[in-house]
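Reading through the structure tokens given below for one structure.
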Amino acid sequence: MSSSPTPSEHVSQRSDSVSGLNHAVYQPPFYYQCAINVLKPLYRLQVWRRSHQRDNYQQEVAQRFGKHYPPRPIAVSDNMTHHGVIWCHAVSLGETNTVAPLLEALLAAGYQIWLTNTTQTGFARGASRFADEIAQGQMSHSYVPVDSPVVIETFLAHVQPIAALFVETELWANILSKLAEQCIPSILVNGRLSASSFASYQKIAAVSRSMMKNLTLIIAQDNESAKRFRQLGASSAQIRVAGSLKWVINAPKQDSSASEPRVDEQSNSLHGNISDQMSLAERFGVTGRPIWVAASTHSGEEEIALSLQQQLLSQAALTDTLLVLVPRHPERFDEVAELVKKSALTMARRSRDEAIEAATQVYVADSMGELMIWYQLANVALVGGSLVDIGGHNPVEPASVATPVIMGHYTQSCQSVVDKLAEVGALYQPYNAFYRPVTTSHAHTSPDTATPANLTNEACASAAHTAGDIRTETTLIYQQLAAWLCDLALAKRAGLAGERLTRQQQSVLTRQVTMIEEVIAQQSHQEPL
């Protein structure tokens with residue numbers, strides 16, 4: 001279906017019919033172009049302030065402002081069909097991890113990839129995650145170009161993509177209009193639009209409308225996001241709902257900068273079972289101890305985790321509990337170690353190759369590329385980014401290795417995944433009305449560790465207004481954590497429910513790859529302008 005442009009939109013028609021539509025090129029409003037011209041030098045100053053002391057500063061500036069790029073990717077084998085280069089933009093570390101299985105599937109299908117990132121963390125992750133593919137020339141990697149028409153034209157002329165993928169939410173109006181002008185299909189993969197992001201996009205309605213109209217296809221995670229994309233100006237014909245790529249098990253690759261793990265590759269299996277967990281426990285010398293991991297934590301979350309650990313250790317049944325603490329960002333490793341010292345808990349650090357002794361109460365896993373090892377070792381996982389307003393990191397990673405999950409209420413980045421895992425009892429989140437606890441005939445809980453799992457829907461609704469009270473939330477989290485650590489058989493059963501669900505959801509990858517290839521095939525049959 002088509003709609004008339006608003007007075008602030010400049011529209012030029014072109015005659016292709018991607019996805020069965022007569023598509024127009026919607027130019028961003030004039031005020032947006034003026035703002036970009038004003039902000040461009042200020043952005044360069046921001047890059048200088050943030051990065052000028054880094055070794056790759058000149059590289060970053062050259063790539064962001066269209067001065068120099070690495071060579072285009074090539075087909076690695078003469079026997080492999082060369083389908084062309086797909087540009088994929090993933091903002092930071094989370095988006096890079098999420099889209100990695102999709103990119104691997106496209107590489108296996110004969111496409112080459114140009115990956116761009118916005119943040120330093122995302123760029124480092126892209127470089128390590130795809131080190132082999134970049135070294136082989138099958139993939140190229142750079143920072144994303146600024147949203148300036150001249151820079152974008154330079155970038156597109158060099159990369160020559162047959163399609164452009166944007167992961168989850170981040171979109172740029174000039175980039176999308178330039179792609180539309182050059183008849184390069186633009187696809188939003190794993191599209192998600194939270195209520196807060198939707199409100200922000202509504203404030204720049206004309207800009208948002210131009211972006212929605214210039215997108216060839218929006219592959220939304222859920223119906224709620226699809227509805228919000230339509231309200232911003234996308235048509236129903238542009239949108240498909242395919243589920244979340246966060247469900248796809250993302251096989252980890254060791255960061256080149258990380259120390260060698262004390263476990264072998266076979267131990268770092270994504271489909272771990274009890275014997276694998278026992279083998280890891282033997283290797284780390286923690287057999288028989290209740291273990292929980294606080295993973296991908298941010299500032300403010302480590303203090304909560306350490307407080308929880310102190311409460312657990314005060315219980316007679318949990319005096320030998322071990323906390324594995326995994327900060328999200330490497331620049332905070334030393335800061336977190338200092339927090340542990342101040343807590344008076346006995347600590348060992350992974351980066352110093354310190355062994356876990358019987359007296360060790362906190363193991364600071366200050367390493368990169370080993371998160372799945374800690375998830376597999378643990379009996380329970382508290383996934384970070386959810387106790388502070390980050391949006392929550394991916395709970396599928398621990399669920400995929402049969403480890404039950406606990407999260408705080410800040411899970412807007414992965415709420416649909418959280419709700420599905422909660423529904424099968426694999427994930428506990430305070431006040432989540434979908435939570436259905438897993439039970440066993442021999443389950444036992446003492447009065448002071450009683451799980452809040454039996455909250456009724458009515459109780460959840462009446463208590464929802466207190467979800468922001470961190471003291472109340474932490475109490476409920478503690479109760480569930482203690483209940484699972486006191487009954488490891490019950491925790492394992494909850495974890496296995498999550499592993500089964502994760503396996504069932506793997507088809508989302510095939511669906512999104514198929515949709516991308518259909519758009520590319522349709523575009524290849526269009527007549528050039």
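As shown in the structure tokens, the chain order sets the letters A, B, ...; within each chain, residues go from 1, and ligands are also counted from 1 in the order they appear.
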
Might you pull out every residue within 8 Å of His82 in chain A, with only C-alpha atoms counted and same-chain residues fewer than 4 positions away left off, and present them as a PDB file with all heavy atoms, in the first residue's frame?
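Output below, filename around_6.pdb:
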ATOM      1  N   ALA A  75      35.720 -14.163  -2.705  1.00  0.00           N
ATOM      2  CA  ALA A  75      35.343 -15.562  -2.551  1.00  0.00           C
ATOM      3  C   ALA A  75      36.599 -16.353  -2.193  1.00  0.00           C
ATOM      4  O   ALA A  75      37.632 -16.210  -2.839  1.00  0.00           O
ATOM      5  CB  ALA A  75      34.732 -16.096  -3.848  1.00  0.00           C
ATOM      6  N   GLY A 110      27.658 -18.676   0.385  1.00  0.00           N
ATOM      7  CA  GLY A 110      28.418 -18.139  -0.738  1.00  0.00           C
ATOM      8  C   GLY A 110      28.456 -16.634  -0.837  1.00  0.00           C
ATOM      9  O   GLY A 110      28.984 -16.096  -1.817  1.00  0.00           O
ATOM     10  N   TYR A 111      27.911 -15.930   0.157  1.00  0.00           N
ATOM     11  CA  TYR A 111      27.994 -14.474   0.172  1.00  0.00           C
ATOM     12  C   TYR A 111      29.282 -14.049   0.867  1.00  0.00           C
ATOM     13  O   TYR A 111      29.856 -14.791   1.659  1.00  0.00           O
ATOM     14  CB  TYR A 111      26.795 -13.866   0.909  1.00  0.00           C
ATOM     15  CG  TYR A 111      25.465 -14.149   0.252  1.00  0.00           C
ATOM     16  CD1 TYR A 111      24.690 -15.235   0.666  1.00  0.00           C
ATOM     17  CD2 TYR A 111      24.987 -13.340  -0.767  1.00  0.00           C
ATOM     18  CE1 TYR A 111      23.460 -15.509   0.061  1.00  0.00           C
ATOM     19  CE2 TYR A 111      23.755 -13.603  -1.367  1.00  0.00           C
ATOM     20  CZ  TYR A 111      23.008 -14.699  -0.951  1.00  0.00           C
ATOM     21  OH  TYR A 111      21.808 -14.961  -1.556  1.00  0.00           O
ATOM     22  N   GLN A 112      29.726 -12.849   0.564  1.00  0.00           N
ATOM     23  CA  GLN A 112      30.805 -12.234   1.319  1.00  0.00           C
ATOM     24  C   GLN A 112      30.193 -11.140   2.193  1.00  0.00           C
ATOM     25  O   GLN A 112      29.126 -10.616   1.873  1.00  0.00           O
ATOM     26  CB  GLN A 112      31.872 -11.650   0.385  1.00  0.00           C
ATOM     27  CG  GLN A 112      32.756 -12.707  -0.270  1.00  0.00           C
ATOM     28  CD  GLN A 112      31.987 -13.559  -1.285  1.00  0.00           C
ATOM     29  OE1 GLN A 112      31.365 -13.033  -2.209  1.00  0.00           O
ATOM     30  NE2 GLN A 112      32.016 -14.869  -1.102  1.00  0.00           N
TER      31      GLN A 112
END

Could you list, as a PyMOL selection string, every residue within 10 Å of His298 in chain A, counting only C-alpha atoms and ignoring same-chain residues fewer than 3 positions away? chain A and resi 295+301-303+326-329+332+336+384-390

Which polymer residues have any atom within 9 Å of an atom of Arg44 in chain A, counting only C-alpha atoms, with same-chain residues fewer than 5 positions away left out, as an MDAnalysis selection string? chainID A and resid 39 49 61 64:65

Using the selection just defined, write its residues with C-alpha atoms as an mmCIF file, in the first residue's frame.
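Saved to selection.cif:
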data_model
loop_
_atom_site.group_PDB
_atom_site.id
_atom_site.type_symbol
_atom_site.label_atom_id
_atom_site.label_comp_id
_atom_site.auth_asym_id
_atom_site.auth_seq_id
_atom_site.Cartn_x
_atom_site.Cartn_y
_atom_site.Cartn_z
ATOM 1 C CA LEU A 39 27.182 17.868 13.944
ATOM 2 C CA ARG A 49 38.381 12.738 22.670
ATOM 3 C CA VAL A 61 38.817 8.331 11.702
ATOM 4 C CA ARG A 64 34.230 6.869 9.737
ATOM 5 C CA PHE A 65 34.861 9.783 7.379
#

Which residues, written as JSON, numbers by chain, have at least one atom at most 7 Å from range 94-107 of chain A, with only C-alpha atoms counted and residues fewer than 3 positions away on the same chain left out? {"A": [90, 91, 110, 111, 112, 122, 126, 167, 245, 246, 250, 509, 513]}

Which of range 137-344 of chain A counts as helix (DSSP H, G or I) under DSSP, as a ChimeraX atom specification please? /A:149-159,173-181,195-203,205-214,223-232,236-238,245-247,274-284,301-313,316-318,330-343

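Remark: for Thr321 in chain A, the closest of the candidate residues A:Tyr201, A:Trp292, A:Val340, A:Thr346 is A:Trp292 (distances computed over only C-alpha atoms).
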
At a cut-off of 7 Å, using only C-alpha atoms, what residues contact range 376-383 of chain A? Leave out same-chain residues fewer than 2 positions from it and give the result as a PyMOL selection string. chain A and resi 272+277+280-281+290-296+372-374+385-386+393+395+398+401+403-407+488+491

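Taking only C-alpha atoms into account, Thr287 in chain A lies nearest to A:Ile356 out of the set A:Ile356, A:Arg230, A:Ser235, A:Pro73.
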
Looking at only C-alpha atoms, which of A:Gln479, A:Ser142, A:Ser128, A:Ser51 is the one that sits closest to Pro70 in chain A? A:Ser142

Residues within 12 Å of Phe198 in chain A, only C-alpha atoms, excluding chain neighbours under 2 positions, as a ChimeraX atom specification: /A:169-170,192-196,200-205,208,224-233

Pull N, CA, C and O atoms from the residues just selected and write them as a compact mmCIF listing (two decimals), in the first residue's frame.
# COMPACT_ATOMS: atom_id res chain seq x y z
N THR A 169 17.82 -2.12 15.81
CA THR A 169 17.14 -0.83 15.91
C THR A 169 17.85 0.30 15.19
O THR A 169 17.21 1.11 14.53
N GLU A 170 19.17 0.40 15.29
CA GLU A 170 19.86 1.61 14.82
C GLU A 170 19.72 1.80 13.31
O GLU A 170 20.16 0.98 12.52
N ARG A 192 13.67 -4.79 16.45
CA ARG A 192 13.04 -4.63 17.76
C ARG A 192 12.84 -3.15 18.02
O ARG A 192 13.73 -2.34 17.78
N LEU A 193 11.66 -2.79 18.50
CA LEU A 193 11.37 -1.39 18.80
C LEU A 193 10.66 -1.34 20.14
O LEU A 193 9.47 -1.62 20.26
N SER A 194 11.41 -1.02 21.18
CA SER A 194 10.84 -0.92 22.53
C SER A 194 9.97 0.32 22.63
O SER A 194 10.00 1.21 21.77
N ALA A 195 9.21 0.39 23.69
CA ALA A 195 8.32 1.55 23.90
C ALA A 195 9.13 2.84 23.99
O ALA A 195 8.73 3.87 23.44
N SER A 196 10.28 2.79 24.67
CA SER A 196 11.09 4.01 24.81
C SER A 196 11.71 4.42 23.48
O SER A 196 11.74 5.61 23.14
N SER A 200 11.07 7.88 21.19
CA SER A 200 12.15 8.73 20.67
C SER A 200 11.99 8.95 19.17
O SER A 200 12.16 10.07 18.66
N TYR A 201 11.68 7.89 18.43
CA TYR A 201 11.49 8.02 17.00
C TYR A 201 10.27 8.89 16.67
O TYR A 201 10.26 9.61 15.65
N GLN A 202 9.25 8.85 17.50
CA GLN A 202 8.07 9.68 17.26
C GLN A 202 8.40 11.17 17.35
O GLN A 202 7.73 11.99 16.70
N LYS A 203 9.40 11.52 18.13
CA LYS A 203 9.75 12.92 18.29
C LYS A 203 10.35 13.50 17.01
O LYS A 203 10.38 14.73 16.84
N ILE A 204 10.89 12.65 16.15
CA ILE A 204 11.41 13.09 14.85
C ILE A 204 10.61 12.37 13.77
O ILE A 204 11.14 11.60 12.97
N ALA A 205 9.32 12.63 13.75
CA ALA A 205 8.37 11.84 12.94
C ALA A 205 8.72 11.83 11.46
O ALA A 205 8.66 10.79 10.80
N SER A 208 11.79 9.69 10.88
CA SER A 208 11.45 8.28 11.09
C SER A 208 10.62 7.74 9.92
O SER A 208 10.83 6.61 9.46
N GLU A 224 4.49 -6.91 18.64
CA GLU A 224 4.46 -5.58 19.24
C GLU A 224 5.42 -4.64 18.51
O GLU A 224 5.09 -3.49 18.22
N SER A 225 6.62 -5.13 18.20
CA SER A 225 7.57 -4.31 17.44
C SER A 225 7.03 -4.02 16.05
O SER A 225 7.15 -2.90 15.54
N ALA A 226 6.43 -5.02 15.42
CA ALA A 226 5.86 -4.83 14.08
C ALA A 226 4.80 -3.74 14.09
O ALA A 226 4.75 -2.88 13.19
N LYS A 227 3.98 -3.73 15.12
CA LYS A 227 2.95 -2.70 15.25
C LYS A 227 3.57 -1.31 15.35
O LYS A 227 3.11 -0.35 14.71
N ARG A 228 4.63 -1.19 16.13
CA ARG A 228 5.28 0.12 16.30
C ARG A 228 5.96 0.58 15.02
O ARG A 228 5.94 1.77 14.70
N PHE A 229 6.55 -0.34 14.26
CA PHE A 229 7.14 0.03 12.97
C PHE A 229 6.06 0.56 12.03
O PHE A 229 6.29 1.54 11.30
N ARG A 230 4.89 -0.06 12.03
CA ARG A 230 3.79 0.43 11.19
C ARG A 230 3.36 1.83 11.62
O ARG A 230 3.09 2.70 10.79
N GLN A 231 3.31 2.06 12.93
CA GLN A 231 2.89 3.37 13.43
C GLN A 231 3.89 4.47 13.06
O GLN A 231 3.51 5.64 12.96
N LEU A 232 5.15 4.07 12.83
CA LEU A 232 6.15 5.06 12.41
C LEU A 232 6.13 5.33 10.91
O LEU A 232 6.78 6.26 10.45
N GLY A 233 5.39 4.53 10.15
CA GLY A 233 5.28 4.80 8.73
C GLY A 233 5.53 3.63 7.81
O GLY A 233 5.35 3.74 6.59

For the structure I just gave you, how does DSSP split range 158-256 of chain A - specifically, which residues are strand (DSSP E)? Reply as a PDB file with C-alpha atoms, in the first residue's frame.
ATOM      1  CA  ALA A 163      22.158  -5.662   0.127  1.00  0.00           C
ATOM      2  CA  ALA A 164      22.498  -3.919   3.494  1.00  0.00           C
ATOM      3  CA  LEU A 165      21.485  -5.403   6.842  1.00  0.00           C
ATOM      4  CA  PHE A 166      20.873  -3.378   9.999  1.00  0.00           C
ATOM      5  CA  VAL A 167      20.619  -5.195  13.315  1.00  0.00           C
ATOM      6  CA  SER A 186      18.005  -2.464   2.956  1.00  0.00           C
ATOM      7  CA  ILE A 187      16.792  -4.985   5.512  1.00  0.00           C
ATOM      8  CA  LEU A 188      16.280  -4.548   9.228  1.00  0.00           C
ATOM      9  CA  VAL A 189      17.068  -7.953  10.734  1.00  0.00           C
ATOM     10  CA  ASN A 190      15.945  -9.050  14.178  1.00  0.00           C
ATOM     11  CA  GLY A 191      14.027  -5.768  14.310  1.00  0.00           C
ATOM     12  CA  LEU A 217      12.072  -5.234   4.481  1.00  0.00           C
ATOM     13  CA  ILE A 218      11.662  -5.203   8.256  1.00  0.00           C
ATOM     14  CA  ILE A 219      12.115  -8.605   9.899  1.00  0.00           C
ATOM     15  CA  ALA A 220      10.580  -7.976  13.310  1.00  0.00           C
ATOM     16  CA  ILE A 239       7.100  -6.234   7.615  1.00  0.00           C
ATOM     17  CA  ARG A 240       7.562  -9.893   8.490  1.00  0.00           C
ATOM     18  CA  VAL A 241       7.581 -11.359  12.008  1.00  0.00           C
TER      19      VAL A 241
END

Using only C-alpha atoms, which residue out of A:Gln120, A:Ile175, A:Cys34, A:Glu331 lies closest to Asn56 in chain A? A:Gln120
